[in-house]
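Working notes, beginning with the structure itself.
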Amino acid sequence: MIRIHFTAADFARVRFAPRPAPLQELNAALMMMSHPRDELLFGRWRRRLLHSLPVSVLPLADLVPAAKAPCFIDEFSDTLKDGLESVRASSPELVRSELERVYARRMSLAPLWIRALHRGDADAWRPLLRAQHAAFETVVRPVWSLVQDLHQAEFTRHALTVAEHGIGAALTQLVPGTRLHEGVWALNAPGEREIALRGHGVVLVPTFHWTGHPLIAHRPDRPLFLTYPAGPGLPLTPAGAGGTDDALALVLGRTRHGILLLLAEEHTTSELARRLRVSNATISAQTTALRDAGLITTVRAGRAVLHQRTALGTLLVQRRTRSASD
């Protein structure tokens with residue numbers, strides 16, 4: 001659980017990133033690529049990217065041992081050039097302390113270029129910046145225009161919620177399961193963490209690759225950056241790309257196809273609506289059609305309506321996935 005403590009000044013300093021951050025979207029995509037979650041949705045996407053990544057991105061694996069990333073790569077500039085320059089401008093003290101943290105203070109086990117970076121050698125930045133640039137061009141660049149469109153839609157949705165219901169309602173609607181009580185915003189996440197903003201405020205950054213818990217980037221000298229999953233939970237595909245998933249979507253309809261993919265795990269109507277960016281009424285109509293076809297089941301649990309895929313629905317999706325792999 002993450003608990004973020006707001007002052008009155010902090011509520012006045014809640015901002016929504018006006019444009020997506022290339023390096024943060026890359027970080028989210030790389031996390032999703034290396035994380036075992038949502039295999040049915042992301043399995044083919046992971047395997048395709050792993051085969052397409054150039055050798056020049058390998059230093060990123062050295063930089064993030066044991067899934068612990070140094071905070072100096074959490075960069076939120078809205079152009080790739082500015083982001084890379086900001087990473088390079090990280091203070092030597094921050095770089096040293098973060099490398100010692102991720103290597104558990106056993107720097108003697110780190111690769112030579114990491115040890116050079118730890119010493120402050122200027123040339124040691126070259127493999128890192130080259131790796132970030134190559135990874136962005138391979139993983140994110142093909143879908144960057146789609147990320148920009150989705151970000152703009154999310155920005156508009158958030159602005160409308162703030163205008164109609166206020167910042168408190170906007171924060172609690174941002175991530176399902178969050179609570180705001182007496183100036184403390186509680187978010188579900190691994191471990192326990194207490195964060196006092198002390199007047200620096202929050203910058204909200206949606207990501208359209210990562211589907212897990214919110215990600216926190218917090219340094220004492222700047223606002224807290226909170227990256228939250230806002231995408232439909234499906235691998236982003238460049239415009240014009242086709243395949244057997246598209247064929248199945250043409251038969252079922254895009255929304256029904258998306259519902260069927262998401263229901264590898266149980267979801268409520270409102271969760272499906274949020275993930276697919278449609279209204280609850282649309283989800284209700286589409287789940288009725290899928291249920292009548294025997295592809296999903298629906299049960300009521302209190303006020304919530306829970307949906308799950310049937311064996312027939314799973315067979316249909318898996319056959320299409322296997323056909324694409326073949």
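Here's how to read the names in the structure tokens: chain A, B, ... by the order shown, residue numbers from 1 in each chain, ligand numbers from 1 in the order shown.
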
Report task. Write out as number ranges by chain the residues lying within 10 Å of range 221-229 of chain A, counting only C-alpha atoms and excluding same-chain residues fewer than 5 positions away. Result -> A: 4, 10, 13-17, 24-25, 28, 74-76, 174-175, 195-216, 275

Query - Residues within 9 Å of Val64 in chain A, only C-alpha atoms, excluding chain neighbours under 6 positions, as a ChimeraX atom specification - result: /A:70,102-103

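Running DSSP on the backbone gives strand (DSSP E) for these residues within range 79-264 of chain A: Arg179, Leu180, His181, Val184, Trp185, Ala186, Leu187, Arg193, Glu194, Ile195, Ala196, Val202, Val203, Leu204, Val205, Pro206, Thr207, Leu215, Ile216, Ala217, Leu224, Phe225, Leu226, Thr227, Tyr228 and Pro229 of chain A.
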
Expected file contents, prior selection, N, CA, C and O atoms, as a CSV table (one decimal), in the first residue's frame:
```csv
chain,number,residue,atom,x,y,z
A,179,ARG,N,-8.2,5.2,-2.5
A,179,ARG,CA,-9.1,5.9,-1.5
A,179,ARG,C,-8.4,7.3,-1.1
A,179,ARG,O,-7.2,7.3,-1.0
A,180,LEU,N,-9.2,8.3,-0.9
A,180,LEU,CA,-8.7,9.6,-0.4
A,180,LEU,C,-9.5,9.9,0.8
A,180,LEU,O,-10.7,10.1,0.8
A,181,HIS,N,-8.8,10.0,1.9
A,181,HIS,CA,-9.5,10.3,3.2
A,181,HIS,C,-8.6,11.2,4.1
A,181,HIS,O,-7.4,10.8,4.3
A,184,VAL,N,-5.1,11.9,2.8
A,184,VAL,CA,-4.2,10.8,2.5
A,184,VAL,C,-4.8,10.0,1.3
A,184,VAL,O,-5.9,9.5,1.4
A,185,TRP,N,-4.0,9.9,0.3
A,185,TRP,CA,-4.4,9.1,-0.9
A,185,TRP,C,-3.7,7.7,-0.9
A,185,TRP,O,-2.5,7.6,-0.9
A,186,ALA,N,-4.5,6.7,-0.7
A,186,ALA,CA,-4.0,5.3,-0.6
A,186,ALA,C,-4.2,4.6,-1.9
A,186,ALA,O,-5.3,4.5,-2.4
A,187,LEU,N,-3.1,3.9,-2.3
A,187,LEU,CA,-3.1,3.2,-3.6
A,187,LEU,C,-2.6,1.8,-3.3
A,187,LEU,O,-1.6,1.6,-2.6
A,193,ARG,N,4.5,2.0,1.9
A,193,ARG,CA,5.3,3.2,1.7
A,193,ARG,C,4.5,4.4,2.1
A,193,ARG,O,3.3,4.5,1.7
A,194,GLU,N,5.1,5.3,2.9
A,194,GLU,CA,4.5,6.6,3.3
A,194,GLU,C,5.2,7.7,2.6
A,194,GLU,O,6.4,7.8,2.7
A,195,ILE,N,4.5,8.6,1.9
A,195,ILE,CA,5.1,9.7,1.2
A,195,ILE,C,4.5,11.0,1.6
A,195,ILE,O,3.3,11.2,1.4
A,196,ALA,N,5.3,11.9,2.1
A,196,ALA,CA,4.8,13.3,2.4
A,196,ALA,C,5.2,14.2,1.3
A,196,ALA,O,6.4,14.4,1.0
A,202,VAL,N,1.9,16.8,-7.2
A,202,VAL,CA,1.9,15.5,-8.0
A,202,VAL,C,1.8,15.8,-9.4
A,202,VAL,O,1.0,16.7,-9.8
A,203,VAL,N,2.5,15.1,-10.3
A,203,VAL,CA,2.3,15.1,-11.7
A,203,VAL,C,1.8,13.7,-12.1
A,203,VAL,O,2.4,12.7,-11.8
A,204,LEU,N,0.6,13.6,-12.7
A,204,LEU,CA,0.0,12.4,-13.1
A,204,LEU,C,0.3,12.0,-14.6
A,204,LEU,O,0.2,12.9,-15.5
A,205,VAL,N,0.9,10.8,-14.8
A,205,VAL,CA,1.4,10.4,-16.1
A,205,VAL,C,0.7,9.1,-16.4
A,205,VAL,O,1.0,8.0,-15.8
A,206,PRO,N,-0.2,9.0,-17.4
A,206,PRO,CA,-0.7,7.7,-17.9
A,206,PRO,C,0.3,7.0,-18.7
A,206,PRO,O,1.1,7.5,-19.4
A,207,THR,N,0.2,5.6,-18.6
A,207,THR,CA,1.0,4.8,-19.5
A,207,THR,C,0.1,3.8,-20.2
A,207,THR,O,-0.9,3.4,-19.6
A,215,LEU,N,3.2,3.4,-10.5
A,215,LEU,CA,4.6,3.5,-10.4
A,215,LEU,C,4.9,4.9,-9.8
A,215,LEU,O,4.4,5.9,-10.3
A,216,ILE,N,5.8,5.0,-8.8
A,216,ILE,CA,6.1,6.2,-8.1
A,216,ILE,C,7.6,6.6,-8.4
A,216,ILE,O,8.5,5.8,-8.3
A,217,ALA,N,7.8,7.8,-8.8
A,217,ALA,CA,9.1,8.4,-8.9
A,217,ALA,C,9.1,9.7,-8.1
A,217,ALA,O,8.4,10.7,-8.3
A,224,LEU,N,6.2,14.7,-7.0
A,224,LEU,CA,6.1,13.3,-7.1
A,224,LEU,C,5.5,13.0,-8.5
A,224,LEU,O,4.5,13.6,-8.9
A,225,PHE,N,6.1,12.1,-9.3
A,225,PHE,CA,5.5,11.7,-10.5
A,225,PHE,C,4.9,10.3,-10.3
A,225,PHE,O,5.5,9.4,-9.9
A,226,LEU,N,3.6,10.2,-10.6
A,226,LEU,CA,2.8,9.0,-10.5
A,226,LEU,C,2.4,8.5,-11.8
A,226,LEU,O,1.6,9.2,-12.5
A,227,THR,N,2.9,7.4,-12.3
A,227,THR,CA,2.6,6.8,-13.5
A,227,THR,C,1.5,5.7,-13.3
A,227,THR,O,1.8,4.8,-12.5
A,228,TYR,N,0.4,5.8,-14.0
A,228,TYR,CA,-0.7,4.9,-13.7
A,228,TYR,C,-1.1,4.2,-15.0
A,228,TYR,O,-1.0,4.8,-16.1
A,229,PRO,N,-1.6,3.0,-15.0
A,229,PRO,CA,-2.0,2.3,-16.2
A,229,PRO,C,-3.3,2.8,-16.7
A,229,PRO,O,-4.3,2.9,-16.0
```

Query - Residues within 9 Å of range 262-274 of chain A, only C-alpha atoms, excluding chain neighbours under 3 positions, as number ranges by chain - result: A: 38, 40-41, 176, 230-234, 257-259, 277-284, 287, 296, 304-310, 314

The selected residues should be written to file as a CSV table (one decimal), in the first residue's frame (atoms: N, CA, C and O atoms).
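Writing done, so here's part.csv:
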```
chain,number,residue,atom,x,y,z
A,38,ASP,N,-0.3,-11.3,-17.5
A,38,ASP,CA,-1.2,-11.2,-18.7
A,38,ASP,C,-0.5,-11.9,-19.9
A,38,ASP,O,-0.5,-11.3,-21.0
A,40,LEU,N,-1.6,-14.2,-21.8
A,40,LEU,CA,-2.5,-14.4,-23.0
A,40,LEU,C,-2.5,-13.2,-23.8
A,40,LEU,O,-2.5,-13.3,-25.1
A,41,LEU,N,-2.6,-12.0,-23.2
A,41,LEU,CA,-2.6,-10.8,-24.0
A,41,LEU,C,-1.3,-10.3,-24.5
A,41,LEU,O,-1.2,-9.8,-25.6
A,176,PRO,N,-8.5,2.2,-10.0
A,176,PRO,CA,-9.5,1.4,-9.2
A,176,PRO,C,-8.9,1.0,-7.9
A,176,PRO,O,-7.8,0.6,-7.8
A,230,ALA,N,-3.3,3.3,-17.9
A,230,ALA,CA,-4.5,3.9,-18.5
A,230,ALA,C,-5.0,3.3,-19.8
A,230,ALA,O,-6.0,3.6,-20.3
A,231,GLY,N,-4.2,2.4,-20.3
A,231,GLY,CA,-4.5,1.8,-21.6
A,231,GLY,C,-5.6,0.7,-21.5
A,231,GLY,O,-6.1,0.4,-20.5
A,232,PRO,N,-5.9,0.2,-22.7
A,232,PRO,CA,-7.0,-0.8,-22.7
A,232,PRO,C,-6.5,-2.2,-22.3
A,232,PRO,O,-7.3,-3.2,-22.3
A,233,GLY,N,-5.3,-2.4,-21.9
A,233,GLY,CA,-4.8,-3.7,-21.4
A,233,GLY,C,-4.4,-4.6,-22.5
A,233,GLY,O,-4.2,-5.8,-22.3
A,234,LEU,N,-4.3,-4.1,-23.7
A,234,LEU,CA,-4.0,-4.9,-24.9
A,234,LEU,C,-2.7,-4.3,-25.5
A,234,LEU,O,-2.4,-3.1,-25.5
A,257,HIS,N,-14.4,-8.5,-28.8
A,257,HIS,CA,-13.1,-9.1,-28.8
A,257,HIS,C,-12.2,-8.7,-27.6
A,257,HIS,O,-11.6,-9.5,-27.0
A,258,GLY,N,-12.2,-7.4,-27.3
A,258,GLY,CA,-11.4,-6.9,-26.2
A,258,GLY,C,-11.9,-7.5,-24.9
A,258,GLY,O,-11.1,-7.9,-24.0
A,259,ILE,N,-13.2,-7.6,-24.7
A,259,ILE,CA,-13.8,-8.2,-23.5
A,259,ILE,C,-13.4,-9.6,-23.4
A,259,ILE,O,-12.9,-10.1,-22.3
A,277,ARG,N,-12.2,1.6,-22.3
A,277,ARG,CA,-12.5,3.0,-22.6
A,277,ARG,C,-13.9,3.2,-23.3
A,277,ARG,O,-14.0,4.0,-24.2
A,278,VAL,N,-14.9,2.5,-22.7
A,278,VAL,CA,-16.3,2.7,-23.2
A,278,VAL,C,-17.2,2.8,-22.0
A,278,VAL,O,-16.7,2.7,-20.8
A,279,SER,N,-18.4,3.0,-22.2
A,279,SER,CA,-19.4,3.2,-21.1
A,279,SER,C,-19.8,1.9,-20.5
A,279,SER,O,-19.7,0.8,-21.1
A,280,ASN,N,-20.3,1.9,-19.2
A,280,ASN,CA,-20.8,0.7,-18.6
A,280,ASN,C,-22.0,0.1,-19.4
A,280,ASN,O,-22.1,-1.1,-19.5
A,281,ALA,N,-22.8,1.0,-20.0
A,281,ALA,CA,-23.9,0.5,-20.7
A,281,ALA,C,-23.5,-0.3,-22.0
A,281,ALA,O,-24.1,-1.3,-22.3
A,282,THR,N,-22.4,0.2,-22.6
A,282,THR,CA,-21.9,-0.5,-23.8
A,282,THR,C,-21.4,-1.9,-23.3
A,282,THR,O,-21.6,-2.9,-24.0
A,283,ILE,N,-20.7,-2.0,-22.2
A,283,ILE,CA,-20.1,-3.2,-21.7
A,283,ILE,C,-21.3,-4.2,-21.4
A,283,ILE,O,-21.3,-5.4,-21.7
A,284,SER,N,-22.3,-3.7,-20.8
A,284,SER,CA,-23.5,-4.5,-20.4
A,284,SER,C,-24.1,-5.1,-21.6
A,284,SER,O,-24.5,-6.3,-21.7
A,287,THR,N,-21.5,-7.8,-23.1
A,287,THR,CA,-21.4,-9.0,-22.3
A,287,THR,C,-22.7,-9.8,-22.4
A,287,THR,O,-22.6,-11.1,-22.3
A,296,ILE,N,-19.0,-16.3,-22.3
A,296,ILE,CA,-18.6,-15.8,-20.9
A,296,ILE,C,-19.7,-16.2,-20.0
A,296,ILE,O,-20.9,-16.6,-20.4
A,304,ALA,N,-21.7,-5.6,-7.3
A,304,ALA,CA,-20.9,-5.8,-8.5
A,304,ALA,C,-21.4,-7.0,-9.4
A,304,ALA,O,-22.0,-7.9,-8.9
A,305,VAL,N,-21.1,-6.8,-10.7
A,305,VAL,CA,-21.4,-7.9,-11.6
A,305,VAL,C,-20.1,-8.4,-12.2
A,305,VAL,O,-19.3,-7.6,-12.7
A,306,LEU,N,-19.8,-9.7,-12.0
A,306,LEU,CA,-18.5,-10.3,-12.3
A,306,LEU,C,-18.7,-11.1,-13.6
A,306,LEU,O,-19.6,-11.9,-13.7
A,307,HIS,N,-17.7,-10.9,-14.5
A,307,HIS,CA,-17.7,-11.7,-15.8
A,307,HIS,C,-16.5,-12.5,-15.8
A,307,HIS,O,-15.4,-12.1,-15.4
A,308,GLN,N,-16.6,-13.7,-16.5
A,308,GLN,CA,-15.4,-14.5,-16.7
A,308,GLN,C,-15.6,-15.3,-18.0
A,308,GLN,O,-16.8,-15.7,-18.3
A,309,ARG,N,-14.5,-15.7,-18.6
A,309,ARG,CA,-14.6,-16.4,-19.9
A,309,ARG,C,-14.9,-17.8,-19.6
A,309,ARG,O,-14.5,-18.4,-18.7
A,310,THR,N,-15.7,-18.5,-20.5
A,310,THR,CA,-16.0,-19.9,-20.4
A,310,THR,C,-14.9,-20.7,-21.1
A,310,THR,O,-14.1,-20.1,-21.8
A,314,THR,N,-12.4,-19.4,-24.1
A,314,THR,CA,-11.0,-19.6,-24.0
A,314,THR,C,-10.4,-20.3,-25.2
A,314,THR,O,-9.4,-20.0,-25.8
```

Report summary line: If you count only C-alpha atoms, the residue of A:Met33, A:Ala189, A:Pro65, A:Ala21 closest to Asp82 in chain A turns out to be A:Ala21

**Report entry** Distance of CA of Val143 in chain A from CA of Arg126 in chain A, expressed in Å to one decimal place
**Finding:** 25.7 Å

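Straight-line separation from CA of Pro36 in chain A to CA of Leu50 in chain A: 13.7 Å.
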
**Report entry** Nearest-residue call for Ala122 in chain A, choices A:Gln173, A:Pro92, A:Met31, A:Val317, using only C-alpha atoms
**Finding:** A:Pro92

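Pairwise distance (CA of Gly294 in chain A, CA of Gly313 in chain A) equals 7.4 Å.
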
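Closest approach to Arg46 in chain A among A:Leu117, A:Met107, A:Cys71, A:Val139: A:Val139, based on only C-alpha atoms.
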